[in-house]
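Visitor: Sharing model-v4.pdb here; it has PDB, C-alpha atoms.
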ATOM      1  CA  MET Z   1      58.051  -2.799   1.415
ATOM      2  CA  ALA Z   2      58.155   0.518  -0.393
ATOM      3  CA  GLN Z   3      55.953  -1.018  -3.098
ATOM      4  CA  GLU Z   4      53.372  -2.142  -0.496
ATOM      5  CA  LYS Z   5      53.198   1.344   1.040
ATOM      6  CA  LEU Z   6      52.745   2.887  -2.371
ATOM      7  CA  SER Z   7      49.922   0.521  -3.356
ATOM      8  CA  ALA Z   8      48.125   1.139  -0.084
ATOM      9  CA  GLN Z   9      47.893   4.835  -0.918
ATOM     10  CA  VAL Z  10      46.178   4.335  -4.265
ATOM     11  CA  PRO Z  11      42.431   4.959  -3.970
ATOM     12  CA  ASN Z  12      40.778   1.582  -4.457
ATOM     13  CA  ALA Z  13      37.313   1.917  -2.928
ATOM     14  CA  TRP Z  14      34.266   4.163  -2.745
ATOM     15  CA  LEU Z  15      32.909   5.100   0.660
ATOM     16  CA  LEU Z  16      29.104   5.258   0.544
ATOM     17  CA  ASP Z  17      26.902   7.143   2.996
ATOM     18  CA  PHE Z  18      23.373   5.807   3.477
ATOM     19  CA  GLY Z  19      22.469   8.268   6.239
ATOM     20  CA  GLN Z  20      21.555   7.269   9.807
ATOM     21  CA  SER Z  21      25.317   6.741  10.401
ATOM     22  CA  LEU Z  22      25.224   3.823   7.991
ATOM     23  CA  ARG Z  23      28.269   3.656   5.752
ATOM     24  CA  ALA Z  24      29.708   0.950   3.548
ATOM     25  CA  ALA Z  25      32.176   0.615   0.705
ATOM     26  CA  VAL Z  26      32.490  -0.956  -2.715
ATOM     27  CA  GLY Z  27      35.512  -1.531  -4.905
ATOM     28  CA  ALA Z  28      36.634   1.377  -7.075
ATOM     29  CA  ARG Z  29      35.544  -0.364 -10.281
ATOM     30  CA  VAL Z  30      32.037  -1.145  -9.032
ATOM     31  CA  LEU Z  31      30.660   2.394  -9.263
ATOM     32  CA  LEU Z  32      29.970   3.442 -12.825
ATOM     33  CA  GLN Z  33      28.055   6.695 -12.491
ATOM     34  CA  ILE Z  34      26.885   9.185  -9.885
ATOM     35  CA  ILE Z  35      23.496  10.764 -10.632
ATOM     36  CA  ASP Z  36      22.050  13.835  -8.954
ATOM     37  CA  LYS Z  37      18.246  14.060  -8.748
ATOM     38  CA  PRO Z  38      17.455  11.227 -11.134
ATOM     39  CA  LYS Z  39      13.991  10.568 -12.553
ATOM     40  CA  LEU Z  40      12.751   7.323 -11.054
ATOM     41  CA  HIS Z  41       9.676   5.247 -11.848
ATOM     42  CA  GLU Z  42       7.612   3.611  -9.142
ATOM     43  CA  VAL Z  43       6.684  -0.053  -9.509
ATOM     44  CA  PRO Z  44       3.712  -1.351  -7.497
ATOM     45  CA  CYS Z  45       3.738  -4.478  -5.345
ATOM     46  CA  THR Z  46       7.450  -4.215  -4.561
ATOM     47  CA  PRO Z  47       9.354  -4.047  -1.234
ATOM     48  CA  PRO Z  48       9.368  -0.611   0.482
ATOM     49  CA  TYR Z  49      13.169  -0.501   0.231
ATOM     50  CA  CYS Z  50      13.298  -1.251  -3.501
ATOM     51  CA  HIS Z  51      10.195   0.175  -5.146
ATOM     52  CA  SER Z  52      11.439   2.129  -8.147
ATOM     53  CA  VAL Z  53      13.570   1.715 -11.246
ATOM     54  CA  LEU Z  54      16.059   3.969 -13.001
ATOM     55  CA  PRO Z  55      16.146   4.064 -16.814
ATOM     56  CA  TRP Z  56      19.841   3.759 -17.643
ATOM     57  CA  GLN Z  57      21.446   2.976 -20.969
ATOM     58  CA  GLY Z  58      18.466   1.033 -22.285
ATOM     59  CA  ARG Z  59      18.006  -0.851 -19.035
ATOM     60  CA  LEU Z  60      15.676  -0.421 -16.063
ATOM     61  CA  LEU Z  61      17.782  -0.722 -12.905
ATOM     62  CA  PRO Z  62      16.405  -1.573  -9.460
ATOM     63  CA  VAL Z  63      16.918   1.299  -7.008
ATOM     64  CA  MET Z  64      17.859   0.065  -3.534
ATOM     65  CA  ASP Z  65      17.569   2.069  -0.322
ATOM     66  CA  LEU Z  66      19.968   0.057   1.799
ATOM     67  CA  ALA Z  67      19.192   2.135   4.910
ATOM     68  CA  ALA Z  68      15.523   1.231   4.584
ATOM     69  CA  ARG Z  69      16.505  -2.390   3.955
ATOM     70  CA  LEU Z  70      18.631  -2.531   7.099
ATOM     71  CA  THR Z  71      16.653  -0.367   9.510
ATOM     72  CA  GLY Z  72      13.175  -0.007   8.059
ATOM     73  CA  VAL Z  73      13.605   3.776   7.872
ATOM     74  CA  ALA Z  74      13.949   5.330   4.428
ATOM     75  CA  GLN Z  75      16.866   7.693   3.925
ATOM     76  CA  ALA Z  76      16.627  11.267   2.672
ATOM     77  CA  ALA Z  77      18.563  10.387  -0.436
ATOM     78  CA  GLN Z  78      20.397  13.057  -2.407
ATOM     79  CA  TYR Z  79      22.269  10.937  -4.904
ATOM     80  CA  LEU Z  80      22.056   7.737  -6.823
ATOM     81  CA  VAL Z  81      25.003   5.629  -7.902
ATOM     82  CA  VAL Z  82      24.984   2.963 -10.580
ATOM     83  CA  ALA Z  83      26.857  -0.197  -9.666
ATOM     84  CA  GLY Z  84      28.052  -2.906 -12.042
ATOM     85  CA  TYR Z  85      28.889  -6.405 -10.894
ATOM     86  CA  GLN Z  86      29.284 -10.019 -11.952
ATOM     87  CA  GLU Z  87      27.916 -12.984 -10.062
ATOM     88  CA  GLN Z  88      30.724 -15.118 -11.490
ATOM     89  CA  PRO Z  89      33.792 -14.064 -13.500
ATOM     90  CA  ASP Z  90      32.431 -15.556 -16.740
ATOM     91  CA  GLU Z  91      28.914 -14.150 -16.389
ATOM     92  CA  PRO Z  92      27.619 -10.928 -17.947
ATOM     93  CA  VAL Z  93      27.824  -7.682 -16.021
ATOM     94  CA  ARG Z  94      24.644  -6.804 -14.164
ATOM     95  CA  PHE Z  95      23.632  -3.410 -12.855
ATOM     96  CA  GLY Z  96      21.772  -1.849  -9.965
ATOM     97  CA  ALA Z  97      21.431   1.556  -8.347
ATOM     98  CA  LEU Z  98      21.966   2.588  -4.732
ATOM     99  CA  LEU Z  99      20.452   5.626  -3.025
ATOM    100  CA  LEU Z 100      22.959   7.719  -1.060
ATOM    101  CA  SER Z 101      22.580  10.532   1.461
ATOM    102  CA  SER Z 102      25.773  12.295   0.361
ATOM    103  CA  ALA Z 103      28.249  12.074  -2.486
ATOM    104  CA  PRO Z 104      30.550   9.025  -2.418
ATOM    105  CA  LEU Z 105      34.203   9.501  -1.487
ATOM    106  CA  VAL Z 106      37.215   7.681  -2.881
ATOM    107  CA  ILE Z 107      39.441   6.136  -0.236
ATOM    108  CA  ALA Z 108      42.458   3.850  -0.054
ATOM    109  CA  VAL Z 109      42.051   0.590   1.812
ATOM    110  CA  ALA Z 110      44.724  -1.975   2.707
ATOM    111  CA  ASP Z 111      44.437  -5.568   3.893
ATOM    112  CA  ALA Z 112      45.771  -4.550   7.295
ATOM    113  CA  GLN Z 113      42.547  -2.627   7.947
ATOM    114  CA  ALA Z 114      40.383  -5.788   7.924
ATOM    115  CA  CYS Z 115      38.031  -6.089  10.887
ATOM    116  CA  PRO Z 116      34.764  -7.871  11.851
ATOM    117  CA  LEU Z 117      31.400  -6.644  10.532
ATOM    118  CA  PRO Z 118      29.474  -4.280  12.821
ATOM    119  CA  GLU Z 119      26.975  -6.101  15.024
ATOM    120  CA  GLN Z 120      24.317  -3.455  14.372
ATOM    121  CA  PRO Z 121      22.279  -3.305  12.297
ATOM    122  CA  ALA Z 122      22.113  -7.070  12.199
ATOM    123  CA  GLY Z 123      21.553  -7.398   8.468
ATOM    124  CA  TRP Z 124      24.997  -6.372   7.203
ATOM    125  CA  SER Z 125      26.089  -9.963   6.748
ATOM    126  CA  GLN Z 126      23.395 -10.428   4.072
ATOM    127  CA  PHE Z 127      25.027  -7.824   1.860
ATOM    128  CA  ALA Z 128      28.691  -7.486   2.921
ATOM    129  CA  CYS Z 129      31.455  -9.946   2.161
ATOM    130  CA  SER Z 130      34.146  -8.301   4.330
ATOM    131  CA  CYS Z 131      34.831  -5.249   6.454
ATOM    132  CA  PHE Z 132      37.621  -2.805   7.217
ATOM    133  CA  GLU Z 133      38.390  -0.163   9.812
ATOM    134  CA  HIS Z 134      38.361   3.422   8.588
ATOM    135  CA  GLN Z 135      38.816   6.434  10.857
ATOM    136  CA  GLY Z 136      37.697   4.439  13.872
ATOM    137  CA  ALA Z 137      34.594   2.944  12.273
ATOM    138  CA  ALA Z 138      33.922  -0.513  10.834
ATOM    139  CA  ILE Z 139      33.017  -0.164   7.144
ATOM    140  CA  PRO Z 140      31.323  -3.191   5.527
ATOM    141  CA  VAL Z 141      32.366  -4.010   1.958
ATOM    142  CA  LEU Z 142      29.223  -4.602  -0.099
ATOM    143  CA  HIS Z 143      28.752  -7.458  -2.543
ATOM    144  CA  PRO Z 144      26.360  -5.926  -5.125
ATOM    145  CA  GLY Z 145      25.154  -9.325  -6.276
ATOM    146  CA  TRP Z 146      23.910 -10.070  -2.772
ATOM    147  CA  ILE Z 147      21.982  -6.784  -2.820
ATOM    148  CA  PHE Z 148      20.427  -6.898  -6.274
ATOM    149  CA  SER Z 149      20.255 -10.516  -7.387
ATOM    150  CA  ARG Z 150      18.531 -12.031  -4.388
ATOM    151  CA  PRO Z 151      14.727 -11.928  -4.084
ATOM    152  CA  PRO Z 152      13.175 -10.314  -1.008
ATOM    153  CA  GLU Z 153      12.809 -12.523   2.023
ATOM    154  CA  ALA Z 154       9.360 -14.036   2.313
TER     155      ALA Z 154
ATOM    156  CA  MET P   1     -25.841  -4.075 -17.569
ATOM    157  CA  ASN P   2     -24.667  -6.278 -20.395
ATOM    158  CA  THR P   3     -21.171  -5.689 -21.682
ATOM    159  CA  THR P   4     -19.986  -5.056 -25.203
ATOM    160  CA  ALA P   5     -17.371  -7.368 -26.608
ATOM    161  CA  LEU P   6     -14.275  -5.717 -28.023
ATOM    162  CA  ALA P   7     -13.488  -6.343 -31.652
ATOM    163  CA  ARG P   8     -10.730  -8.926 -31.914
ATOM    164  CA  PRO P   9      -8.075  -7.940 -34.453
ATOM    165  CA  ALA P  10      -6.376 -10.588 -36.518
ATOM    166  CA  ALA P  11      -3.047  -9.928 -34.854
ATOM    167  CA  SER P  12      -3.252 -11.295 -31.336
ATOM    168  CA  ALA P  13      -0.023  -9.663 -30.197
ATOM    169  CA  THR P  14      -1.546  -6.230 -29.721
ATOM    170  CA  SER P  15      -1.417  -4.899 -26.210
ATOM    171  CA  ALA P  16      -3.796  -2.931 -24.068
ATOM    172  CA  LEU P  17      -2.451  -0.170 -21.872
ATOM    173  CA  LEU P  18      -4.500   0.558 -18.766
ATOM    174  CA  LYS P  19      -3.841   3.912 -17.122
ATOM    175  CA  ILE P  20      -4.579   4.007 -13.385
ATOM    176  CA  SER P  21      -3.462   7.381 -11.988
ATOM    177  CA  GLY P  22       0.329   7.366 -12.495
ATOM    178  CA  LEU P  23       0.477   3.640 -13.197
ATOM    179  CA  ARG P  24       0.363   2.048 -16.620
ATOM    180  CA  LEU P  25      -0.377  -1.649 -16.944
ATOM    181  CA  GLN P  26       0.269  -3.508 -20.176
ATOM    182  CA  LEU P  27      -1.423  -6.800 -20.916
ATOM    183  CA  PRO P  28      -2.471  -8.692 -24.052
ATOM    184  CA  GLN P  29      -5.530  -7.126 -25.623
ATOM    185  CA  LYS P  30      -7.089 -10.552 -26.093
ATOM    186  CA  GLU P  31      -7.384 -10.830 -22.304
ATOM    187  CA  ILE P  32      -9.824  -7.927 -22.207
ATOM    188  CA  SER P  33     -13.282  -9.319 -22.743
ATOM    189  CA  ALA P  34     -15.172  -6.046 -22.699
ATOM    190  CA  LEU P  35     -14.738  -2.329 -22.330
ATOM    191  CA  GLU P  36     -17.380  -0.167 -20.692
ATOM    192  CA  THR P  37     -17.710   3.268 -19.192
ATOM    193  CA  ALA P  38     -17.450   3.518 -15.426
ATOM    194  CA  ASP P  39     -21.052   4.724 -15.406
ATOM    195  CA  SER P  40     -22.108   1.336 -16.763
ATOM    196  CA  VAL P  41     -21.085  -0.428 -13.569
ATOM    197  CA  VAL P  42     -24.105  -1.454 -11.516
ATOM    198  CA  LYS P  43     -23.675  -0.262  -7.942
ATOM    199  CA  GLN P  44     -26.380  -2.314  -6.223
ATOM    200  CA  ASP P  45     -25.833  -5.550  -4.289
ATOM    201  CA  VAL P  46     -22.073  -5.155  -4.466
ATOM    202  CA  GLN P  47     -19.623  -7.728  -3.130
ATOM    203  CA  PRO P  48     -17.321  -6.666  -0.269
ATOM    204  CA  HIS P  49     -14.433  -4.437  -1.438
ATOM    205  CA  SER P  50     -15.870  -4.187  -4.935
ATOM    206  CA  ILE P  51     -17.537  -1.035  -6.212
ATOM    207  CA  GLY P  52     -20.179  -2.734  -8.331
ATOM    208  CA  TRP P  53     -20.645  -5.360 -10.970
ATOM    209  CA  LEU P  54     -21.031  -5.982 -14.673
ATOM    210  CA  GLN P  55     -23.005  -8.711 -16.299
ATOM    211  CA  HIS P  56     -21.180 -10.880 -18.808
ATOM    212  CA  ALA P  57     -21.911 -14.354 -20.121
ATOM    213  CA  ARG P  58     -25.103 -14.419 -18.065
ATOM    214  CA  GLN P  59     -23.296 -13.841 -14.786
ATOM    215  CA  ARG P  60     -22.458 -10.886 -12.568
ATOM    216  CA  TRP P  61     -18.766 -10.161 -12.198
ATOM    217  CA  PRO P  62     -17.345  -7.850  -9.522
ATOM    218  CA  VAL P  63     -15.710  -4.572 -10.477
ATOM    219  CA  TYR P  64     -12.819  -3.193  -8.420
ATOM    220  CA  CYS P  65     -11.186   0.183  -8.148
ATOM    221  CA  LEU P  66      -7.414   0.033  -7.715
ATOM    222  CA  SER P  67      -4.898   2.663  -6.666
ATOM    223  CA  GLN P  68      -1.680   3.208  -8.605
ATOM    224  CA  ASN P  69      -0.068   0.967  -5.970
ATOM    225  CA  LEU P  70      -2.559  -1.752  -6.887
ATOM    226  CA  THR P  71      -4.319  -1.610  -3.539
ATOM    227  CA  LEU P  72      -8.113  -1.582  -3.374
ATOM    228  CA  PHE P  73     -10.027   1.688  -3.193
ATOM    229  CA  ASP P  74     -13.506   1.688  -1.669
ATOM    230  CA  THR P  75     -14.347   5.033  -3.250
ATOM    231  CA  VAL P  76     -13.942   5.819  -6.915
ATOM    232  CA  PRO P  77     -11.764   8.799  -7.966
ATOM    233  CA  ALA P  78     -13.385  11.009 -10.588
ATOM    234  CA  GLU P  79     -10.713  10.185 -13.162
ATOM    235  CA  ARG P  80     -11.714   6.509 -13.332
ATOM    236  CA  ARG P  81     -13.902   6.820 -16.402
ATOM    237  CA  ALA P  82     -13.476   3.411 -18.033
ATOM    238  CA  CYS P  83     -13.950  -0.178 -16.965
ATOM    239  CA  VAL P  84     -12.266  -3.189 -18.503
ATOM    240  CA  LEU P  85     -13.592  -6.681 -17.949
ATOM    241  CA  LEU P  86     -10.615  -9.016 -17.721
ATOM    242  CA  GLY P  87     -11.063 -12.666 -18.519
ATOM    243  CA  ALA P  88      -8.936 -15.647 -17.574
ATOM    244  CA  GLY P  89     -10.490 -19.055 -18.160
ATOM    245  CA  ASN P  90     -13.999 -18.894 -16.773
ATOM    246  CA  SER P  91     -13.238 -16.034 -14.373
ATOM    247  CA  PHE P  92     -13.910 -12.390 -15.072
ATOM    248  CA  VAL P  93     -13.184  -9.265 -13.052
ATOM    249  CA  GLY P  94     -13.824  -5.629 -13.856
ATOM    250  CA  ILE P  95     -11.123  -3.035 -13.199
ATOM    251  CA  LEU P  96     -11.739   0.714 -13.327
ATOM    252  CA  CYS P  97      -9.180   2.737 -15.298
ATOM    253  CA  ASP P  98      -8.625   6.361 -16.203
ATOM    254  CA  ASP P  99      -7.989   5.438 -19.808
ATOM    255  CA  VAL P 100      -7.487   2.370 -21.990
ATOM    256  CA  SER P 101      -5.505   2.359 -25.204
ATOM    257  CA  ILE P 102      -4.654  -0.351 -27.681
ATOM    258  CA  SER P 103      -1.206  -0.476 -29.240
ATOM    259  CA  GLN P 104       0.780  -2.574 -31.642
ATOM    260  CA  PRO P 105       3.668  -4.575 -30.162
ATOM    261  CA  SER P 106       6.227  -2.151 -28.786
ATOM    262  CA  GLN P 107       9.692  -1.883 -30.268
ATOM    263  CA  ASN P 108      10.984  -1.467 -26.737
ATOM    264  CA  GLN P 109      12.538  -4.490 -25.123
ATOM    265  CA  PRO P 110      10.586  -5.895 -22.179
ATOM    266  CA  HIS P 111      12.633  -6.281 -19.001
ATOM    267  CA  GLU P 112      12.271  -8.858 -16.277
ATOM    268  CA  LEU P 113      11.299  -7.467 -12.895
ATOM    269  CA  PRO P 114      14.654  -7.267 -11.041
ATOM    270  CA  PRO P 115      15.028 -10.076  -8.467
ATOM    271  CA  ALA P 116      15.332  -7.646  -5.538
ATOM    272  CA  MET P 117      11.881  -6.245  -6.392
ATOM    273  CA  ARG P 118      10.150  -9.568  -6.960
ATOM    274  CA  LEU P 119       7.691 -10.242  -4.140
ATOM    275  CA  ALA P 120       6.184 -13.708  -4.157
ATOM    276  CA  GLN P 121       2.657 -12.713  -5.154
ATOM    277  CA  THR P 122       3.287  -9.702  -7.351
ATOM    278  CA  PRO P 123       1.051  -9.373 -10.409
ATOM    279  CA  VAL P 124       3.864  -7.496 -12.194
ATOM    280  CA  LEU P 125       5.577  -9.861 -14.600
ATOM    281  CA  GLY P 126       8.000  -7.380 -16.133
ATOM    282  CA  LEU P 127       8.619  -3.787 -17.168
ATOM    283  CA  VAL P 128       8.826  -1.998 -20.462
ATOM    284  CA  ALA P 129       9.938   1.527 -21.291
ATOM    285  CA  THR P 130       7.327   3.560 -23.099
ATOM    286  CA  GLY P 131       7.865   6.177 -25.758
ATOM    287  CA  ASP P 132       7.313   9.125 -23.427
ATOM    288  CA  GLU P 133      10.217   8.259 -21.091
ATOM    289  CA  GLY P 134       7.845   6.445 -18.775
ATOM    290  CA  ILE P 135       7.437   2.772 -18.011
ATOM    291  CA  ALA P 136       4.594   0.289 -18.095
ATOM    292  CA  CYS P 137       4.231  -2.736 -15.864
ATOM    293  CA  ILE P 138       3.617  -5.928 -17.807
ATOM    294  CA  THR P 139       0.923  -8.101 -16.325
ATOM    295  CA  SER P 140      -1.809 -10.517 -17.389
ATOM    296  CA  ALA P 141      -5.501 -10.932 -16.723
ATOM    297  CA  GLU P 142      -4.752 -14.081 -14.760
ATOM    298  CA  GLN P 143      -2.258 -12.277 -12.510
ATOM    299  CA  LEU P 144      -4.507  -9.255 -11.966
ATOM    300  CA  ILE P 145      -7.563 -11.366 -11.218
ATOM    301  CA  ALA P 146      -5.539 -13.412  -8.718
ATOM    302  CA  HIS P 147      -4.218 -10.187  -7.152
ATOM    303  CA  VAL P 148      -7.593  -8.492  -6.640
ATOM    304  CA  THR P 149      -9.129 -11.764  -5.496
ATOM    305  CA  ARG P 150      -6.432 -12.020  -2.806
ATOM    306  CA  LEU P 151      -6.942  -8.394  -1.774
ATOM    307  CA  ALA P 152     -10.690  -8.805  -1.581
ATOM    308  CA  GLY P 153     -10.268 -11.956   0.484
ATOM    309  CA  MET P 154     -12.433 -14.024  -1.816
TER     310      MET P 154
END
For this file, produce the structure as structure tokens.
Guide:
Amino acid sequence: MAQEKLSAQVPNAWLLDFGQSLRAAVGARVLLQIIDKPKLHEVPCTPPYCHSVLPWQGRLLPVMDLAARLTGVAQAAQYLVVAGYQEQPDEPVRFGALLLSSAPLVIAVADAQACPLPEQPAGWSQFACSCFEHQGAAIPVLHPGWIFSRPPEA
Amino acid sequence: MNTTALARPAASATSALLKISGLRLQLPQKEISALETADSVVKQDVQPHSIGWLQHARQRWPVYCLSQNLTLFDTVPAERRACVLLGAGNSFVGILCDDVSISQPSQNQPHELPPAMRLAQTPVLGLVATGDEGIACITSAEQLIAHVTRLAGM
């Protein structure tokens, strides 16, 4: 029991703020870098919520505005975070970048906090694989592969 | 106005870089059939959404002015000083550009367009970092001709 309480206190997630009261989380090992005022490059003929790329370590990462994706309203982003993920355990690591309205926070999350996904906005289930309660709010847990590796809906 | 054929170098892997405002488009040089000044474009009897025409291979081919978002402009910005005639099969289309340069194959690795940015009918086939910390969008004459043809509703 003492061991369980101890493990629950260890920060194991990042809390991400997308503005418009939209928040979500990713696992602690998903975020690789926080970038303030990055230089982005626009790409034409792309979705309004994912229209630029970030040069990063020899790669060009898609930059996703999840608030715009969920609500249609672009956020006043202040930060960019680089996320790394694998589609399958034996596949190479892939990368993407998320726009944020404020700096991410580290938090500790335990299984006992699990709860249903918020009903609004309706699109959370496309990007979140689970959800937990944090300070009275439901916080979806993002699956980066569902955000970055799926083509836009037709 | 008859067009002037570009000299074809022995190496077919050279690329042409079209500058359109802040956008740079890279395509194989061999897909450019002619290069003219914007003043050479005939502005009489124009097709809808085109800004004029060039004569090539005994036919008139429409010339279009694109924005850096690859939408059609009806009026021509002053910086569009060049016109490339793109050829794919038996189809030709003129595109106004600010500048056209020819380069040897880049040492930079081309990148696929990330899945989250890949709209069904995008003419952008990939991305490549350029030497000046910018990027170029990789395309082809076939893709660009199909794109402007769709936009013009032909």
Visitor: Please check the contacts: residues of chain Z at most 12 Å away from chain P, using all atoms listed in the file, listed as a ChimeraX atom specification.
Guide: /Z:39-66,69,94-97,144-154
Visitor: Fewer than 6 positions away in the same chain doesn't count, so skip those; otherwise give me all residues within 12 Å of Ile95 (chain P), counting only C-alpha atoms, as JSON, numbers by chain.
Guide: {"P": [18, 19, 20, 25, 32, 33, 34, 35, 36, 37, 38, 41, 50, 51, 52, 53, 54, 61, 62, 63, 64, 65, 66, 67, 70, 71, 72, 73, 76, 80, 81, 82, 83, 84, 85, 86, 87, 141, 144, 145, 147, 148, 149]}
Visitor: What does the distance between CA of Ser130 (chain Z) and CA of Asp36 (chain Z) come to in Å, to one decimal place?
Guide: 28.5 Å
Visitor: For a test of reading the model, state the distance in Å between CA of Lys37 (chain Z) and CA of Ala13 (chain Z), rounded to one decimal.
Guide: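 It comes out at 23.3 Å.
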Visitor: Please check which residues have atoms at most 10 Å from (26.5, -5.1, 8.6) in the file's coordinates, counting all atoms listed in the file, and write them as JSON, numbers by chain.
Guide: {"Z": [22, 23, 24, 70, 116, 117, 118, 119, 120, 121, 122, 123, 124, 125, 126, 127, 128, 129, 130, 131, 138, 139, 140, 141, 142]}
Visitor: Within 9 Å of Asp17 (chain Z), counting all atoms listed in the file, which residues qualify if same-chain residues fewer than 5 places away don't, as a PyMOL selection string?
Guide: chain Z and resi 22-25+99-105
Visitor: Rounded to one decimal place, report the CA of Gln88 (chain Z)-CA of Leu31 (chain Z) distance in Å.
Guide: 17.7 Å
